[in-house]
Structures are given as C-alpha cells and as structure tokens.
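Trainee: Submitted below is the structure of interest, expressed as structure tokens.
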Amino acid sequence: MMEIKKEATTASALPRLSQMKIIKRDGRTVDFDDQKIYDALVKAKRESVNDQPLSPLDHERILDIVERVDAEIAQRFTENVKIYEIQNIVEHTLLEKNEYELAEAYISYRTQRDFARSRATDINFTIGKLINKDRTVVNENANKDSDVFNTQRDLTAGIVGKSIGLKMLPPHVANAHQKGDIHYHDLDYHPYTPMTNCCLIDFKGMLNNGFKIGNAEVESPKSIQTATAQISQIIANVASSQYGGCSADRTDELLAPFAELNYEKHMKDAERWIESPAKREEYAKEKTRKDIYDAMQSLEYEINTLFTSNGQTPFTSLGFGLGTTWFEREIQRAILQIRINGLGSEKRTAIFPKLIFSIKKGVNSDATDPNYDIKQLALECATKRMYPDILNYDKIVELTGSFKVPMGCRSFLQGWRDENGEEINVGRMNLGVVTLNLPRIALEAAGDKDKFWSLLEERLGIAKDALVYRVERCKEAIPANAPILYMYGAFGKRLSRTDAVNELFKNKRATVSLGYIGLYEVASAFYGGEWENNPEAKEFTLAIVKELKAHTDLWGNEYGYHFSVYSTPSESLTDRFCRLDTEKFGIVKDITDKEYYTNSFHYDVRKNPTPFEKLDFEKDYPKYCSGGFIHYCEYPILQQNPKALEAVWDYSYDKIGYLGTNTPIDHCYECGYEGDFTPTERGFECPQCGNHDPKTCDVVKRTCGYLGNPQARPMVHGRHKEISSRVKHMK
C-alpha cells in the first residue's frame with residue numbers, strides 16, 4: 001500500500017461548522033473536523049479497490065461529497081451533532097450522488113469498525129482466537145508458555161477479565177484503548193481485579209520480623225540457605241498477587257547478616273577441633289563460602305522452576321554490587337559465578353532472575369577501588385550471559401532522587417521520605433501504566449505541528465482519566481485480597497484487615513505511570529527517517545517528553561500520587577500499535593513499513609552508531625521520563641574482549657543511569673556453534689547447521705528489559721521483527 005495523501009477541504013470554513021461540536025459514541029465532545037470524513041471515505045474507497053492508489057478524479061469526487069456533507073450539517077444543526085447523524089448524512093449524500101459503489105464500501109467500512117468494537121468485548125470470539133492459537137493472543141507475553149495448562153487457564157481467564165474490564169472503564173477510555181490511541185496495560189487483570197503492578201519487596205522487614213504465607217507463620221531465618229528459600233517463597237506469592245515484576249534491592253547487603261550466622265556457627269565448630277586461630281577462620285570462611293554459593297544457586301534454580309498462578313516464571317530482578325564486607329563480596333561473587341556457569345547439565349543461560357549490578361566510584365569503578373575485581377567478574381558474566389545490566393549510582397540518584405534498583409524491568413520509584421523524614425524505597429509499588437500511541441498522533445497531524453500538539457493535549461486528557469481510574473480502582477482493594485502484600489510485609493507497612501490500602505499509596509508513596517512509545521517514528525513523520533543528527537528534530541522529540549512530564553507533575557500535585565513518565569517496554573505493544581496504524585494509515589515509510597514501533601526514546605535499531613554515539617544521543621531523555629527507562633547497546637561476540645565492554649560501561653557512568661548489554665550468546669547443541677542465530681519468519685536457526693529445535697539449541701535475545709528465549713516461547717510478530725532488525729553498534 002502507498003501512504004494516504006490527505007487533502008485539506010475548504011468547506012469547514014463555514015462559520016457555523018467552525019463552532020460545531022461532535023458528540024462521540026463514548027459521550028465525549030470534540031471539535032468538528034471534516035478531515036475525518038474525508039479520511040474515512042478514502043479508507044473505504046481504498047479497501048474497495050484492494051488498496052490500489054486512488055486517482056485524482058477519485059479524490060475530487062470524495063472532496064465533493066465532503067463539501068455536500070458539510071453544507072447539510074451546517075444547515076440542519078446549530079451546536080452539536082452526534083457521530084451517527086454525520087454517518088447517516090454521509091450515506092444519504094453518497095446515494096443522492098449515485099455513488100453506489102463508494103456507499104457500499106463506506107457502509108461496509110463503518111460496519112467492520114462496529115464489528116471490531118463489539119468483538120473486543122465478545123468472549124466467544126476471543127476464546128476462538130485462543131483455541132486457534134492466534135499469535136496476538138498466545139504470544140502476547142514472551143514469558144508465558146501457551147502449551148502449559150495453567151497458562152491456558154490464565155489466558156482464558158484473561159479473556160473474560162479483558163471483556164469485563166473494557167465495560168468497567170470510562171467509555172472514552174475504553175474507546176481510546178480499542179482504537180489504539182492509548183493502551184490500558186494488563187486489561188486481563190485490571191480493572192476487573194484491583195491488582196497493583198510492580199514493586200520493590202521489603203525483604204529486609206519480612207526476613208527480620210517474620211511473615212505469614214498461607215497457614216504457615218515463618219520465623220526469621222537462621223542461615224543464608226533458609227533466607228534464600230524464604231525469598232523464593234515470597235517471590236512466588238507476591239508474583240501471584242500482582243501482575244508486574246518484583247525486585248530485591250541490594251541483595252548482597254540484605255543477605256550478608258544471614259551468611260554471617262553461618263560463619264558464626266562454623267567458627268564454633270572450628271573452636272572445638274582446630275587450635276590455630278588463623279586456621280579456624282580459614283575453615284569457617286571456606287565453609288561459609290560454600291554455603292553462600294549453594295544458597296544463591298538454589299535461589300536461581302528455584303526462581304527458574306517457579307510457576308505463578310498466572311502461568312509464568314516470576315519477573316524477578318536482583319540488585320547487588322555496593323557491599324564491601326567479606327560476606328557481601330562473596331554473595332556478589334556467587335551470584336555472578338553461578339550465572340556464568342549456567343543452568344543444568346547443558347549450562348543454559350538463565351532467563352531469571354534479571355541481574356542488575358551497581359557501579360559506584362570508590363567502590364568498584366576502577367582498579368583503585370576495593371571491589372574492582374567483582375566488576376571484572378560482572379564484565380565476564382555480561383559477555384557470556386548478557387546479564388548483569390548495570391546501574392550507575394550517581395546518575396540514578398540524580399535522575400530519580402535516590403538509589404535503588406527498578407521494580408522488575410525498568411519502572412523506577414522516585415525518591416520519597418515518610419512522615420519521620422526517613423528515606424523509603426523498599427515496600428513501595430507502581431499502580432499501573434497507560435501508554436500513548438505517539439506515532440498515531442504524528443500520522444494524524446500529517447505534517448502540521450500545531451495539530452500534533454493539539455491532538456497530544458486531547459490524548460493526554462484521556463490518559464489522565466485512565467490513570468486516575470487505575471488509582472481509584474486499586475484503592476478499592478482490601479488487605480485480605482493480597483495478604484502477602486498488605487498484611488505480611490511485602491509492601492513494608494503492615495495493615496490490618498480493616499485498614500484502607502490507600503495508606504500505602506497516598507502522599508506519592510506509590511507511582512502510576514504515563515507510558516509512551518515511538519519517538520523515532522514521530523520525528524520521522526516530520527523530518528524523515530534519518531533525523532537523528534538533526535538538532536531541530538531531536539529538540540522536537542525532547543519537547544514531547546518535557547510536555548509529558550509537565551502534565552504528570554501537575555497531576556501528581558492534584559491527586560497526591562506520583563504520576564511518572566515511563567518509557568514503556570512495549571513487548572507486545574510495539575506490534576499492536578503498529579498493526580492498528582497500518583490498518584488506518586497504510587504502509588508509511590520509516591513508520592509502519594518496519595512492522596514494529598521503536599521502543600521509547602531509543603535510536604533507530606536499524607542504524608549502527610557506535611555505542612558512545614548512541615549513549616550520547618539517548619542521554620538527554622531520562623531526565624524527563626525518570627519513572628522508567630533503560631539503554632542498550634548491540635555488540636558482536638565479546639567473550640574474548642571484556643575490556644571493550646568495560647570501556648562502554650566507564651563511558652556511560654556520568655551520562656546515563658541504566659545500561660543493558662546485548663551480545664550474541666546463542667548456542668547449538670547439535671553442531672556446537674556459538675554466536676548469533678539467524679532470524680527466520682517465526683524464530684531463529686543455527687547459521688551453521690540450520691537447527692531450530694528448542695530442545696537442542698539455546699537462543700537468548702533481549703525482549704525488552706528482560707531476556708527471552710524466542711525458540712521456547714515465541715514473541716509477537718512486531719517484537720520478532722524488531723529484534724531481527726537490530727544492527728551491531730560495535731564491530
């Protein structure tokens with residue numbers, strides 16, 4: 001298909017029409033815009049001729065119809081006109097002009113739109129898509145294996161939840177979601193159930209003070225092995241009580257006191273049998289070192305073997321790297337060495353937990369720092385397993401107001417102090433995300449920046465209503481809905497059964513996020529696909545995220561919750577928005593023709609700047625989207641050259657807060673090939689022997705913030721196309 005050329009009409013200059021308001025199906029009133037009548041007729045005509053380009057005569061005939069429709073509306077209505085009345089006038093005008101073929105196409109087009117709206121809440125229709133394994137349903141989440149019974153059960157329940165949820169939403173929000181103007185995330189869980197999204201679990205409070213799971217009262221652990229076992233149980237229960245990711249902050253510092261209990265026990269044993277004090281300490285340390293390794297290995301295996309009630313491995317992240325005691329260093333070393341060694345007899349790359357290594361000057365940044373050797377191990381691990389991603393301490397504090405790992409993938413809490421002035425990070429949470437389809441606004445603006453800003457303002461109003469609704473729905477939960485979160489310590493402060501859950505949300509303790517996608521495509525619509533080196537184009541994209549932040553700051557002050565700007569991971573949304581916009585606007589160069597939209601503020605993945613150029617380009621954005629962000633660089637095989645990766649890490653320290661490593665680590669167990677598998681239409685295959693069997697190959701790709709195994713758990717089409725399009729930033 002060719003890009004649809006939109007011609008402005010002149011009839012809207014009629015004085016009465018300039019004041020006219022349209023009453024939408026969802027009850028909203030918007031300004032009259034006859035361009036939309038023209039667009040609908042063009043779309044209908046194109047569909048009737050199998051998307052062939054329209055002739056100048058076709059456009060003239062359609063413009064004539066629009067002018068006649070404008071004239072009749074101006075004659076019959078004085079203030080407001082309902083959308084279905086306009087459609088009736090269009091159909092009547094077409095028939096009067098003997099445009100029978102176009103009338104039939106227009107009526108069919110309108111009917112199909114009505115069908116699409118109805119199908120979104122038709123449980124039977126969507127269940128049919130699930131039974132027939134429609135990829136938009138079964139591959140929406142790359143962490144879910146749709147062949148597994150409990151995943152199938154969750155997908156079925158999700159279809160019911162989405163249908164009910166759409167009917168619960170404010171009508172204009174539901175309409176905007178269904179059309180693809182916005183995306184109300186996780187409709188399969190929320191608002192049908194008033195679940196929260198992601199969190200930083202208060203493991204320290206739970207492990208030190210005890211907690212309850214099911215019928216068991218759990219006491220504080222007396223060893224690091226018990227502590228990690230309890231952590232895995234907490235993760236499983238938290239992940240089943242919310243729908244987003246969860247993280248353990250400063251894992252090395254969290255677990256060090258329990259490792260010290262092991263050491264004290266071994267020292268007591270040593271005192272009974274070993275005379276030399278030095279050898280006693282050597283013995284106790286060696287035994288404790290093994291305990292630490294075994295405990296951390298068990299935690300990794302347990303997380304990877306867990307299945308939550310929604311049929312997936314918990315999206316879990318472990319932050320570490322700042323501790324400098326012997327115990328903390330050994331925990332860091334064990335985490336990294338276990339990941340390097342791999343899972344099982346085939347030594348496969350673990351997908352979870354995501355590892356996030358913190359770098360701080362004076363701790364582990366350069367050779368003069370006490371933990372520089374741990375950084376070297378982290379570099380080796382990243383070259384072999386892609387994780388750990390890194391956090392640059394000083395930049396994270398600058399961007400978010402305090403230091404902590406993200407909640408799950410990339411959602412960052414902002415600095416916050418309680419009524420006593422104490423800084424609180426763990427035990428806080430995010431209440432959900434609503435994402436704007438920015439490329440659609442750019443396409444609708446058709447080169448008119450004033451129209452772009454006007455449309456953005458309109459969509460921000462809808463997004464605000466959607467986010468406020470999320471908050472209000474979450475407040476309707478009661479502590480008994482999710483005891484592990486509200487009553488037993490995961491969310492920090494422990495509530496009674498009769499307390500209001502809003503005690504943990506209000507006064508900006510909780511965040512709620514305005515997401516966005518596709519700044520690259522927005523600038524391409526105005527400046528062309530090679531815009532990254534155009535200062536005016538970049539300033540335009542920065543102005544957009546500044547505008548988003550200005551609005552969320554106002555909303556936060558108005559409502560008392562932390563509204564933040566969030567660079568949406570867009571695992572399936574990169575596909576959904578692009579697919580819907582292709583249906584609406586056709587194939588548009590550098591926008592819909594790629595079959596995916598670009599994640600957040602990222603540099604076009606098809607281009608090959610150096611890592612340093614890419615980071616310099618992207619570093620200006622997180623200041624305005626500190627509610628969620630991450631940067632990546634694409635590398636060739638790095639296992640023999642960790643110094644190259646270290647050069648990028650070091651360069652990034654003062655520039656960005658959060659950086660991931662994407663490097664080829666695919667492995668074929670048939671022929672022994674290691675490197676980058678070749679993308680195919682549905683997955684990836686060994687370039688040496690053509691093997692694509694997930695049983696005999698290990699394919700690991702960066703899905704979004706998390707890694708994924710697309711051979712074992714396929715991704716949606718758009719995400720697969722995006723991954724396949726990525727170009728290395730270093731050769």
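Identifiers in this document derive from the order of the structure tokens: chains are assigned A, B, ..., residues are numbered from 1 separately in each chain, and ligands are numbered from 1 in order of occurrence.
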Which polymer residues have any atom within 9 Å of an atom of Pro406 in chain A, counting only C-alpha atoms, with same-chain residues fewer than 6 positions away left out, as an mmCIF file with N, CA, C and O atoms, in the first residue's frame?

Mentor:
```
data_model
loop_
_atom_site.group_PDB
_atom_site.id
_atom_site.type_symbol
_atom_site.label_atom_id
_atom_site.label_comp_id
_atom_site.auth_asym_id
_atom_site.auth_seq_id
_atom_site.Cartn_x
_atom_site.Cartn_y
_atom_site.Cartn_z
ATOM 1 N N CYS A 199 6.704 -3.920 42.107
ATOM 2 C CA CYS A 199 7.101 -3.422 43.427
ATOM 3 C C CYS A 199 8.552 -3.766 43.754
ATOM 4 O O CYS A 199 9.164 -4.635 43.133
ATOM 5 N N LEU A 200 9.067 -3.051 44.747
ATOM 6 C CA LEU A 200 10.301 -3.442 45.440
ATOM 7 C C LEU A 200 9.873 -4.102 46.746
ATOM 8 O O LEU A 200 9.350 -3.433 47.648
ATOM 9 N N CYS A 246 8.855 -7.921 40.202
ATOM 10 C CA CYS A 246 9.264 -7.599 41.569
ATOM 11 C C CYS A 246 10.776 -7.679 41.668
ATOM 12 O O CYS A 246 11.414 -8.442 40.940
ATOM 13 N N SER A 247 11.341 -6.895 42.569
ATOM 14 C CA SER A 247 12.798 -6.813 42.681
ATOM 15 C C SER A 247 13.250 -6.924 44.124
ATOM 16 O O SER A 247 12.525 -6.554 45.049
ATOM 17 N N ASP A 249 16.216 -5.371 46.265
ATOM 18 C CA ASP A 249 17.216 -4.311 46.238
ATOM 19 C C ASP A 249 18.378 -4.666 47.157
ATOM 20 O O ASP A 249 18.182 -5.205 48.242
ATOM 21 N N SER A 317 13.984 -9.399 39.537
ATOM 22 C CA SER A 317 15.295 -8.782 39.377
ATOM 23 C C SER A 317 16.014 -8.762 40.721
ATOM 24 O O SER A 317 15.393 -8.520 41.760
ATOM 25 N N GLY A 319 19.176 -6.823 42.552
ATOM 26 C CA GLY A 319 20.180 -5.767 42.528
ATOM 27 C C GLY A 319 21.269 -6.060 43.534
ATOM 28 O O GLY A 319 21.003 -6.554 44.632
ATOM 29 N N PHE A 412 11.033 2.843 37.754
ATOM 30 C CA PHE A 412 11.776 3.381 38.899
ATOM 31 C C PHE A 412 10.866 4.166 39.837
ATOM 32 O O PHE A 412 10.080 5.024 39.405
ATOM 33 N N LEU A 413 10.998 3.868 41.123
ATOM 34 C CA LEU A 413 10.417 4.714 42.144
ATOM 35 C C LEU A 413 11.207 6.015 42.219
ATOM 36 O O LEU A 413 12.397 6.044 41.923
ATOM 37 N N GLY A 628 10.690 5.447 34.342
ATOM 38 C CA GLY A 628 11.041 4.167 33.722
ATOM 39 C C GLY A 628 11.878 4.378 32.485
ATOM 40 O O GLY A 628 11.480 5.111 31.576
#
```

Trainee: Show which residues sit within 12 Å of Tyr561 in chain A, as number ranges by chain. Count only C-alpha atoms, and ignore same-chain residues fewer than 6 positions away.

Mentor: A: 413-414, 416, 429-432, 467-468, 470-472, 475, 502-513, 552-555

Trainee: Using only C-alpha atoms, which residues sit within 9 Å of range 220-229 of chain A once same-chain residues fewer than 2 positions away are excluded, as a ChimeraX atom specification?

Mentor: /A:206-211,218,231-234,255-262,291-292,294-296,298-299,302

Trainee: Could you give me, as a VMD selection string, the residues within 10 Å of Glu271 in chain A, counting only C-alpha atoms and dropping anything in the same chain fewer than 6 positions from it?

Mentor: chain A and resid 277 279 to 281 284

Trainee: Pick out the closest residue to Ile630 in chain A from this set: A:Gly344, A:Gly690, A:Gly705, A:Gly683. Count only C-alpha atoms.

Mentor: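 Answer, going by the shortest atom-to-atom distance: A:Gly705.
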
Trainee: Could you name the residues that touch Phe403 in chain A at 9 Å or less, counting only C-alpha atoms, but leaving out those on the same chain fewer than 3 positions away, as a list in words?

Mentor: Tyr393, Asp394, Lys395, Ile396, Val397, Glu398, Thr400, Gly415 and Asn425 of chain A

Trainee: Show me, as a ChimeraX atom specification, the residues that have an atom within 12 Å of Met487 in chain A when counting only C-alpha atoms, minus same-chain residues fewer than 2 positions from it.

Mentor: /A:206,210-213,427,478-485,489-501,504

Trainee: Calculate how many Å separate CA of Asn197 in chain A from CA of Ser358 in chain A, rounding to one decimal.

Mentor: 24.1 Å

Trainee: Could you list, as a compact mmCIF listing (two decimals) with all heavy atoms, in the first residue's frame, every residue within 9 Å of Ala103 in chain A, counting only C-alpha atoms and ignoring same-chain residues fewer than 2 positions away?

Mentor:
```txt
# COMPACT_ATOMS: atom_id res chain seq x y z
N LEU A 41 -13.78 8.15 3.99
CA LEU A 41 -14.19 7.84 2.62
C LEU A 41 -13.01 7.33 1.79
O LEU A 41 -13.15 6.40 1.00
CB LEU A 41 -14.81 9.08 1.97
CG LEU A 41 -16.20 9.46 2.48
CD1 LEU A 41 -16.60 10.85 2.01
CD2 LEU A 41 -17.24 8.43 2.04
N ALA A 44 -12.35 3.78 2.92
CA ALA A 44 -13.35 2.87 2.38
C ALA A 44 -13.10 2.60 0.90
O ALA A 44 -13.18 1.45 0.44
CB ALA A 44 -14.75 3.45 2.59
N VAL A 90 -23.61 11.20 5.50
CA VAL A 90 -22.64 10.74 4.50
C VAL A 90 -23.27 9.68 3.60
O VAL A 90 -23.18 9.76 2.36
CB VAL A 90 -21.37 10.19 5.18
CG1 VAL A 90 -20.44 9.56 4.14
CG2 VAL A 90 -20.63 11.29 5.93
N GLU A 91 -23.91 8.70 4.21
CA GLU A 91 -24.52 7.63 3.42
C GLU A 91 -25.61 8.18 2.50
O GLU A 91 -25.69 7.82 1.31
CB GLU A 91 -25.10 6.56 4.36
CG GLU A 91 -24.03 5.81 5.13
CD GLU A 91 -24.62 4.90 6.20
OE1 GLU A 91 -25.85 4.66 6.15
OE2 GLU A 91 -23.86 4.44 7.08
N HIS A 92 -26.45 9.08 3.03
CA HIS A 92 -27.53 9.67 2.23
C HIS A 92 -26.95 10.47 1.06
O HIS A 92 -27.45 10.40 -0.08
CB HIS A 92 -28.38 10.58 3.13
CG HIS A 92 -29.42 11.37 2.40
ND1 HIS A 92 -30.54 10.80 1.85
CD2 HIS A 92 -29.49 12.71 2.10
CE1 HIS A 92 -31.26 11.74 1.26
NE2 HIS A 92 -30.65 12.91 1.40
N THR A 93 -25.89 11.23 1.29
CA THR A 93 -25.27 12.04 0.24
C THR A 93 -24.68 11.16 -0.85
O THR A 93 -24.79 11.46 -2.05
CB THR A 93 -24.18 12.95 0.85
OG1 THR A 93 -24.76 13.75 1.88
CG2 THR A 93 -23.57 13.86 -0.21
N LEU A 94 -24.03 10.07 -0.45
CA LEU A 94 -23.46 9.15 -1.43
C LEU A 94 -24.54 8.58 -2.34
O LEU A 94 -24.36 8.48 -3.56
CB LEU A 94 -22.72 8.02 -0.71
CG LEU A 94 -21.39 8.39 -0.05
CD1 LEU A 94 -20.92 7.27 0.88
CD2 LEU A 94 -20.32 8.68 -1.10
N LEU A 95 -25.65 8.21 -1.76
CA LEU A 95 -26.74 7.64 -2.56
C LEU A 95 -27.36 8.69 -3.48
O LEU A 95 -27.70 8.40 -4.63
CB LEU A 95 -27.80 7.03 -1.64
CG LEU A 95 -27.34 5.81 -0.82
CD1 LEU A 95 -28.42 5.40 0.16
CD2 LEU A 95 -26.99 4.65 -1.75
N ASN A 98 -25.46 9.08 -6.55
CA ASN A 98 -25.34 7.82 -7.29
C ASN A 98 -23.96 7.17 -7.14
O ASN A 98 -23.51 6.45 -8.03
CB ASN A 98 -25.65 8.03 -8.78
CG ASN A 98 -27.06 8.54 -9.01
OD1 ASN A 98 -27.99 8.14 -8.31
ND2 ASN A 98 -27.22 9.43 -9.98
N GLU A 99 -23.32 7.44 -6.00
CA GLU A 99 -22.02 6.82 -5.71
C GLU A 99 -22.28 5.49 -4.99
O GLU A 99 -21.91 5.30 -3.82
CB GLU A 99 -21.17 7.76 -4.85
CG GLU A 99 -20.72 9.03 -5.53
CD GLU A 99 -19.53 8.79 -6.46
OE1 GLU A 99 -19.05 7.64 -6.55
OE2 GLU A 99 -19.07 9.77 -7.08
N TYR A 100 -22.91 4.57 -5.70
CA TYR A 100 -23.35 3.33 -5.06
C TYR A 100 -22.18 2.47 -4.59
O TYR A 100 -22.21 1.88 -3.51
CB TYR A 100 -24.24 2.55 -6.03
CG TYR A 100 -25.47 3.32 -6.46
CD1 TYR A 100 -25.71 3.56 -7.82
CD2 TYR A 100 -26.37 3.81 -5.53
CE1 TYR A 100 -26.83 4.28 -8.23
CE2 TYR A 100 -27.49 4.52 -5.92
CZ TYR A 100 -27.72 4.76 -7.27
OH TYR A 100 -28.81 5.47 -7.66
N GLU A 101 -21.16 2.39 -5.42
CA GLU A 101 -20.00 1.56 -5.05
C GLU A 101 -19.30 2.12 -3.82
O GLU A 101 -18.96 1.39 -2.89
CB GLU A 101 -19.03 1.50 -6.23
CG GLU A 101 -17.81 0.60 -5.97
CD GLU A 101 -16.85 0.59 -7.16
OE1 GLU A 101 -17.30 0.80 -8.31
OE2 GLU A 101 -15.65 0.38 -6.92
N ALA A 105 -19.00 0.59 -0.04
CA ALA A 105 -17.69 0.46 0.62
C ALA A 105 -17.69 1.19 1.96
O ALA A 105 -17.16 0.70 2.96
CB ALA A 105 -16.59 1.01 -0.28
N TYR A 106 -18.31 2.39 2.01
CA TYR A 106 -18.34 3.17 3.24
C TYR A 106 -19.17 2.46 4.30
O TYR A 106 -18.76 2.36 5.47
CB TYR A 106 -18.92 4.55 2.96
CG TYR A 106 -19.06 5.41 4.20
CD1 TYR A 106 -17.95 6.03 4.78
CD2 TYR A 106 -20.30 5.60 4.81
CE1 TYR A 106 -18.08 6.81 5.92
CE2 TYR A 106 -20.44 6.38 5.94
CZ TYR A 106 -19.33 6.98 6.50
OH TYR A 106 -19.46 7.75 7.63
N ILE A 107 -20.34 1.97 3.92
CA ILE A 107 -21.19 1.25 4.87
C ILE A 107 -20.47 0.01 5.38
O ILE A 107 -20.51 -0.30 6.58
CB ILE A 107 -22.54 0.89 4.22
CG1 ILE A 107 -23.33 2.17 3.92
CG2 ILE A 107 -23.35 -0.04 5.11
CD1 ILE A 107 -24.54 1.95 3.03
N SER A 108 -19.79 -0.69 4.49
CA SER A 108 -19.03 -1.88 4.90
C SER A 108 -17.91 -1.50 5.85
O SER A 108 -17.67 -2.18 6.86
CB SER A 108 -18.45 -2.57 3.66
OG SER A 108 -17.64 -3.66 4.04
```

Trainee: Quick one, how far is CA of Glu96 in chain A from CA of Ile62 in chain A?

Mentor: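 Interatomic distance, CA of Glu96 in chain A to CA of Ile62 in chain A: 13.5 Å.
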
Trainee: What does the distance between CA of Asp575 in chain A and CA of Tyr632 in chain A come to in Å, to one decimal place?

Mentor: 19.8 Å
